[in-house]
Amino acid sequence: MVLRLHDSLRRETRELRPSHPDGIFRFYNCGPTVYAPAHIGNFRTFVVNDVIRRLLELEFGPARVRHVRNLTDVDDRTITQSRKEGRPLAEITRHWTAIFHEDCAALNLLRPHAEPTATGYIREQVSMIEVLMEKGHAYRAADGSVYFRLATFPEYGRLSRIQERELQVTNAVADADHKDSVSDFALWKAYKPEEDGTVQWPGPRTAAAGRPGWHIECSAMSKALLGDTIDLHTGGVDLLFPHHENEIAQSECCNGVPFARHWYHSEHLLVDGTTMSKSKGNYHTLRDLVAKGHEAMAVRYALLMGHPRKQLNFTLDSLHAAASALRTLRAARAAIPGAGGTVDVSAPVLAALADDLNFPGALGALFTALKASAPAELNAAGFDRALFALGLDLAARAPAVAVPAAVTALAERRWAAKQARDFAAADALRAELAAAGWTMLDRKDGWSLEPVRK
RNA sequence: GGCGCGGUAGCCAAGUGGUAAGGCCGAGGUCUGCAAAACCUCUAUGCGCCGGUUCAAUUCCGGCCCGCGCCUCCA
């Protein structure tokens, strides 16, 4: 199988291959900022990257993939949150990191091999900034901050095709006064007591104490953990400019070699047809949805329903459709015998995924393949391989909802009525159960209850 | 203003220069006392609009309309 993926820099679909002699594929995925629960749009990106990780493992072997996803634990938003709550920065970020990990587990995301934090790599960031200053790519501003001098990197803008003159100038840039040019961006931000609270580290030589800029953290952690040139760098489209553009500038000017051989950006998730935002009331976190009774795995399925490079519209209807499709897959899996089947449904599924992550194509191929053969002809390992690639864990279930004692009592009475062949009474009790929100499932040897589906 | 993406059945969504995958919903059926599950069958002469190229276009080209995203610290 050849893994092909669109490259945002070259704007063409290219094969993914390890470039280092050790054969290890180096994969860096920009992670979340841990100051609040991640929303399902964030998780779309992480699900897409999780499928990439799984495909890389299937293609090169688990030992030949190194996947890094960072945690941004110091920036404007984390510091603001910390000040708002009056709690130390580290306490805030530790809390939200734990929540993030719970959500990742619920969505069946494989753990990255390394999950570095910005605050854990201050020294590396400072050191890169010093190299950039020595090479003339960065300068100290009057307040002790350090800025990258864009004019020293003529290739700037290749990824986003942005020209300096095209930048919209409506946003007043807060630190414009300190910079030689409005387009220069911060590598190091001098400590501001009124904004930064207790957050500061010793800065690069000649610079003031303060904290790193956002962009340098990814450059430094990628370099520290994966080396100067990596095989794949990914993130959401919104990171394309300026974040990734700036990373390229910093890393290539510092290291003198190409930064990432392949760039990939997944599109945004829309909710109810528009950007998700708290003010629009269409803002969903995973835990909100789970609290409302939705399965986390159905959320993952819903995030797989669209092509990763197209905006995907998430609605409660699409979540219901996802949950139903998941039930169909569970039934299909249950019907496959443990051994003996020869038809491998993973082939068409993996082919679609390997072709630039065609998620809907892969899902379509899966159902088509399932329909084409009798369950007894299907190979269980093949089915499981397809589901592994998609990261759908069919065993994962929403926690069982507790059945109220009164409902259980109704069910027992109905079962007794049915055994006595008093069907009129049985039907009346079924109606009562339904009114209470429960469906009673009869079997030959007994019964069970489940919440009524909408 | 600059850069980019998209408009395919009730909903979601692939795809192809030769006449539209799949999922969900819905309808009918088998089964079941009923219900649920499972299984079977059906559901776009049509792919935003108008031109053009072609033997043939939803698929290529041009124009237009509509929607969405990014444009300095949002995945």
# chains A, B, ... in the order shown; residues from 1 in each chain; ligands from 1
>>> select_by_dssp(residues="segment 165-392 of chain A", states="helix (DSSP H, G or I)", output="VMD selection string")
chain A and resid 165 to 166 176 to 178 193 to 196 214 to 226 237 to 255 278 to 280 286 to 291 296 to 303 316 to 334 346 to 354 359 to 372 375 to 377 380 to 390
>>> interface_residues(of="chain A", to="chain B", cutoff="7 Å", atoms="only C-alpha atoms (C1' of nucleotides)", output="PyMOL selection string")
chain A and resi 41-42+45+161-162+166-168+214+235-236+238+242+306+310+318+321+325+360-361+363-364+367-368+423+427+441
>>> write_last_selection(atoms="N, CA and C atoms", output="PDB file, in the first residue's frame")
ATOM      1  N   GLY A  41     -14.622  20.500  17.454  1.00  0.00           N
ATOM      2  CA  GLY A  41     -13.857  20.944  16.287  1.00  0.00           C
ATOM      3  C   GLY A  41     -12.378  20.651  16.476  1.00  0.00           C
ATOM      4  N   ASN A  42     -11.878  20.918  17.674  1.00  0.00           N
ATOM      5  CA  ASN A  42     -10.493  20.531  17.976  1.00  0.00           C
ATOM      6  C   ASN A  42     -10.331  19.043  17.766  1.00  0.00           C
ATOM      7  N   THR A  45      -9.739  17.571  14.271  1.00  0.00           N
ATOM      8  CA  THR A  45      -8.333  17.577  13.855  1.00  0.00           C
ATOM      9  C   THR A  45      -7.570  16.421  14.494  1.00  0.00           C
ATOM     10  N   ARG A 161       0.828  31.623   0.963  1.00  0.00           N
ATOM     11  CA  ARG A 161       0.781  32.532  -0.188  1.00  0.00           C
ATOM     12  C   ARG A 161       0.411  33.937   0.248  1.00  0.00           C
ATOM     13  N   ILE A 162       0.860  34.265   1.423  1.00  0.00           N
ATOM     14  CA  ILE A 162       0.487  35.583   1.916  1.00  0.00           C
ATOM     15  C   ILE A 162       1.599  36.568   1.572  1.00  0.00           C
ATOM     16  N   GLU A 166      -0.637  42.329   1.636  1.00  0.00           N
ATOM     17  CA  GLU A 166      -2.034  41.896   1.548  1.00  0.00           C
ATOM     18  C   GLU A 166      -2.674  41.710   2.915  1.00  0.00           C
ATOM     19  N   LEU A 167      -1.865  41.759   3.924  1.00  0.00           N
ATOM     20  CA  LEU A 167      -2.416  41.570   5.255  1.00  0.00           C
ATOM     21  C   LEU A 167      -3.425  42.661   5.568  1.00  0.00           C
ATOM     22  N   GLN A 168      -4.528  42.233   6.079  1.00  0.00           N
ATOM     23  CA  GLN A 168      -5.538  43.205   6.475  1.00  0.00           C
ATOM     24  C   GLN A 168      -4.990  43.975   7.664  1.00  0.00           C
ATOM     25  N   TRP A 214       4.338  31.996  20.973  1.00  0.00           N
ATOM     26  CA  TRP A 214       3.644  30.738  20.706  1.00  0.00           C
ATOM     27  C   TRP A 214       4.360  29.908  19.636  1.00  0.00           C
ATOM     28  N   GLY A 235      -1.822  20.076  11.324  1.00  0.00           N
ATOM     29  CA  GLY A 235      -2.618  20.905  12.218  1.00  0.00           C
ATOM     30  C   GLY A 235      -3.901  21.308  11.515  1.00  0.00           C
ATOM     31  N   GLY A 236      -4.695  22.107  12.176  1.00  0.00           N
ATOM     32  CA  GLY A 236      -5.907  22.622  11.553  1.00  0.00           C
ATOM     33  C   GLY A 236      -5.571  23.738  10.579  1.00  0.00           C
ATOM     34  N   ASP A 238      -6.481  26.650  10.347  1.00  0.00           N
ATOM     35  CA  ASP A 238      -6.286  27.968  10.947  1.00  0.00           C
ATOM     36  C   ASP A 238      -4.840  28.184  11.377  1.00  0.00           C
ATOM     37  N   PRO A 242      -0.780  32.390  10.938  1.00  0.00           N
ATOM     38  CA  PRO A 242       0.650  32.556  10.751  1.00  0.00           C
ATOM     39  C   PRO A 242       1.497  31.439  11.386  1.00  0.00           C
ATOM     40  N   GLY A 306     -17.045  13.146   7.066  1.00  0.00           N
ATOM     41  CA  GLY A 306     -16.703  14.072   5.987  1.00  0.00           C
ATOM     42  C   GLY A 306     -15.246  13.950   5.584  1.00  0.00           C
ATOM     43  N   LYS A 310     -12.355  18.981   3.689  1.00  0.00           N
ATOM     44  CA  LYS A 310     -13.557  19.770   3.424  1.00  0.00           C
ATOM     45  C   LYS A 310     -14.208  20.109   4.756  1.00  0.00           C
ATOM     46  N   SER A 318     -26.671  14.505  12.456  1.00  0.00           N
ATOM     47  CA  SER A 318     -25.534  13.721  11.962  1.00  0.00           C
ATOM     48  C   SER A 318     -25.002  12.823  13.076  1.00  0.00           C
ATOM     49  N   ALA A 321     -27.270   9.849  13.124  1.00  0.00           N
ATOM     50  CA  ALA A 321     -26.945   8.980  11.989  1.00  0.00           C
ATOM     51  C   ALA A 321     -25.692   8.176  12.303  1.00  0.00           C
ATOM     52  N   ALA A 325     -25.338   4.101  12.496  1.00  0.00           N
ATOM     53  CA  ALA A 325     -24.360   3.387  11.668  1.00  0.00           C
ATOM     54  C   ALA A 325     -23.455   2.526  12.542  1.00  0.00           C
ATOM     55  N   PRO A 360     -15.182   9.351   3.946  1.00  0.00           N
ATOM     56  CA  PRO A 360     -16.490   8.870   3.485  1.00  0.00           C
ATOM     57  C   PRO A 360     -16.329   7.714   2.502  1.00  0.00           C
ATOM     58  N   GLY A 361     -15.316   7.787   1.670  1.00  0.00           N
ATOM     59  CA  GLY A 361     -15.066   6.701   0.732  1.00  0.00           C
ATOM     60  C   GLY A 361     -14.765   5.404   1.473  1.00  0.00           C
ATOM     61  N   LEU A 363     -15.684   4.589   4.569  1.00  0.00           N
ATOM     62  CA  LEU A 363     -16.900   4.114   5.230  1.00  0.00           C
ATOM     63  C   LEU A 363     -17.829   3.468   4.197  1.00  0.00           C
ATOM     64  N   GLY A 364     -17.942   4.097   3.061  1.00  0.00           N
ATOM     65  CA  GLY A 364     -18.776   3.533   1.996  1.00  0.00           C
ATOM     66  C   GLY A 364     -18.253   2.181   1.561  1.00  0.00           C
ATOM     67  N   PHE A 367     -19.155  -0.590   4.161  1.00  0.00           N
ATOM     68  CA  PHE A 367     -20.543  -1.083   4.094  1.00  0.00           C
ATOM     69  C   PHE A 367     -20.794  -1.859   2.805  1.00  0.00           C
ATOM     70  N   THR A 368     -20.205  -1.384   1.732  1.00  0.00           N
ATOM     71  CA  THR A 368     -20.371  -2.098   0.464  1.00  0.00           C
ATOM     72  C   THR A 368     -19.794  -3.502   0.574  1.00  0.00           C
ATOM     73  N   PHE A 423     -51.985 -10.848  26.820  1.00  0.00           N
ATOM     74  CA  PHE A 423     -51.317  -9.904  25.931  1.00  0.00           C
ATOM     75  C   PHE A 423     -51.879  -8.500  26.051  1.00  0.00           C
ATOM     76  N   ASP A 427     -49.391  -5.469  26.676  1.00  0.00           N
ATOM     77  CA  ASP A 427     -49.283  -4.311  25.780  1.00  0.00           C
ATOM     78  C   ASP A 427     -49.497  -3.003  26.532  1.00  0.00           C
ATOM     79  N   LEU A 441     -37.107  -5.053  25.738  1.00  0.00           N
ATOM     80  CA  LEU A 441     -36.701  -5.996  24.693  1.00  0.00           C
ATOM     81  C   LEU A 441     -36.953  -7.419  25.176  1.00  0.00           C
TER      82      LEU A 441
END
>>> residues_around(residues="segment 101-111 of chain A", least_positions_apart="4", cutoff="8 Å", atoms="only C-alpha atoms (C1' of nucleotides)", output="ChimeraX atom specification")
/A:46-47,50,97,286-287,296-297,299-300,391-393
>>> residues_around(residues="segment 19-34 of chain A", least_positions_apart="5", cutoff="9 Å", atoms="only C-alpha atoms (C1' of nucleotides)", output="JSON, numbers by chain")
{"A": [42, 46, 49, 53, 56, 60, 63, 64, 65, 66, 67, 68, 69, 70, 71, 72, 73, 74, 75, 77, 78, 92, 93, 94, 95, 96, 97, 100, 115, 218, 222, 226, 227, 229, 230, 231, 232, 233, 234, 235, 236, 239, 261], "B": [75]}
>>> select_by_dssp(residues="segment 207-352 of chain A", states="strand (DSSP E or B)", output="count of residues only")
24
>>> decode(residues="segment 226-240 of chain A", atoms="all heavy atoms", output="tab-separated table (two decimals), in the first residue's frame")
chain	number	residue	atom	x	y	z
A	226	LEU	N	12.36	15.29	17.38
A	226	LEU	CA	12.32	14.61	16.08
A	226	LEU	C	13.49	14.98	15.18
A	226	LEU	O	13.72	14.34	14.16
A	226	LEU	CB	11.00	14.93	15.36
A	226	LEU	CG	9.72	14.44	16.05
A	226	LEU	CD1	8.49	14.97	15.32
A	226	LEU	CD2	9.69	12.91	16.10
A	227	GLY	N	14.20	16.06	15.53
A	227	GLY	CA	15.33	16.45	14.69
A	227	GLY	C	15.00	17.65	13.82
A	227	GLY	O	13.89	18.17	13.83
A	228	ASP	N	16.01	18.08	13.05
A	228	ASP	CA	15.88	19.32	12.28
A	228	ASP	C	14.90	19.20	11.12
A	228	ASP	O	14.26	20.17	10.73
A	228	ASP	CB	17.25	19.76	11.75
A	228	ASP	CG	18.16	20.25	12.88
A	228	ASP	OD1	17.65	20.39	14.02
A	228	ASP	OD2	19.34	20.51	12.62
A	229	THR	N	14.83	18.01	10.54
A	229	THR	CA	13.91	17.81	9.41
A	229	THR	C	12.95	16.68	9.76
A	229	THR	O	13.38	15.58	10.12
A	229	THR	CB	14.66	17.45	8.12
A	229	THR	OG1	15.52	18.53	7.75
A	229	THR	CG2	13.68	17.19	6.98
A	230	ILE	N	11.66	16.97	9.69
A	230	ILE	CA	10.68	15.95	10.01
A	230	ILE	C	9.93	15.54	8.75
A	230	ILE	O	10.01	16.21	7.71
A	230	ILE	CB	9.69	16.43	11.10
A	230	ILE	CG1	8.87	17.61	10.58
A	230	ILE	CG2	10.45	16.83	12.35
A	230	ILE	CD1	7.81	18.06	11.56
A	231	ASP	N	9.22	14.43	8.84
A	231	ASP	CA	8.56	13.89	7.65
A	231	ASP	C	7.16	14.45	7.42
A	231	ASP	O	6.69	14.50	6.29
A	231	ASP	CB	8.49	12.36	7.76
A	231	ASP	CG	9.89	11.75	7.77
A	231	ASP	OD1	10.64	12.05	6.84
A	231	ASP	OD2	10.22	11.03	8.73
A	232	LEU	N	6.51	14.83	8.51
A	232	LEU	CA	5.14	15.33	8.36
A	232	LEU	C	4.81	16.27	9.51
A	232	LEU	O	5.08	15.97	10.67
A	232	LEU	CB	4.14	14.15	8.36
A	232	LEU	CG	2.65	14.50	8.33
A	232	LEU	CD1	2.28	15.20	7.04
A	232	LEU	CD2	1.81	13.23	8.51
A	233	HIS	N	4.23	17.39	9.17
A	233	HIS	CA	3.78	18.34	10.18
A	233	HIS	C	2.33	18.67	9.87
A	233	HIS	O	1.99	19.00	8.74
A	233	HIS	CB	4.64	19.62	10.13
A	233	HIS	CG	4.47	20.51	11.31
A	233	HIS	ND1	5.52	20.91	12.10
A	233	HIS	CD2	3.38	21.07	11.85
A	233	HIS	CE1	5.08	21.69	13.08
A	233	HIS	NE2	3.77	21.80	12.95
A	234	THR	N	1.47	18.58	10.89
A	234	THR	CA	0.04	18.75	10.65
A	234	THR	C	-0.61	19.69	11.65
A	234	THR	O	-0.05	20.01	12.69
A	234	THR	CB	-0.70	17.40	10.76
A	234	THR	OG1	-0.60	16.96	12.13
A	234	THR	CG2	-0.09	16.35	9.87
A	235	GLY	N	-1.82	20.08	11.32
A	235	GLY	CA	-2.62	20.90	12.22
A	235	GLY	C	-3.90	21.31	11.51
A	235	GLY	O	-4.15	20.90	10.38
A	236	GLY	N	-4.69	22.11	12.18
A	236	GLY	CA	-5.91	22.62	11.55
A	236	GLY	C	-5.57	23.74	10.58
A	236	GLY	O	-4.53	24.36	10.70
A	237	VAL	N	-6.46	23.99	9.62
A	237	VAL	CA	-6.20	25.03	8.61
A	237	VAL	C	-5.90	26.38	9.22
A	237	VAL	O	-5.16	27.17	8.63
A	237	VAL	CB	-7.38	25.30	7.66
A	237	VAL	CG1	-7.34	24.39	6.49
A	237	VAL	CG2	-8.69	25.26	8.39
A	238	ASP	N	-6.48	26.65	10.35
A	238	ASP	CA	-6.29	27.97	10.95
A	238	ASP	C	-4.84	28.18	11.38
A	238	ASP	O	-4.41	29.30	11.57
A	238	ASP	CB	-7.21	28.13	12.15
A	238	ASP	CG	-7.06	26.98	13.12
A	238	ASP	OD1	-7.09	25.83	12.67
A	238	ASP	OD2	-6.90	27.23	14.33
A	239	LEU	N	-4.10	27.09	11.50
A	239	LEU	CA	-2.70	27.23	11.92
A	239	LEU	C	-1.78	27.52	10.74
A	239	LEU	O	-0.61	27.87	10.91
A	239	LEU	CB	-2.23	25.96	12.63
A	239	LEU	CG	-2.97	25.60	13.91
A	239	LEU	CD1	-2.29	24.43	14.59
A	239	LEU	CD2	-3.01	26.80	14.86
A	240	LEU	N	-2.32	27.35	9.54
A	240	LEU	CA	-1.49	27.52	8.35
A	240	LEU	C	-0.83	28.90	8.35
A	240	LEU	O	0.37	29.03	8.10
A	240	LEU	CB	-2.39	27.34	7.13
A	240	LEU	CG	-1.68	26.98	5.84
A	240	LEU	CD1	-2.44	25.89	5.11
A	240	LEU	CD2	-1.55	28.19	4.96
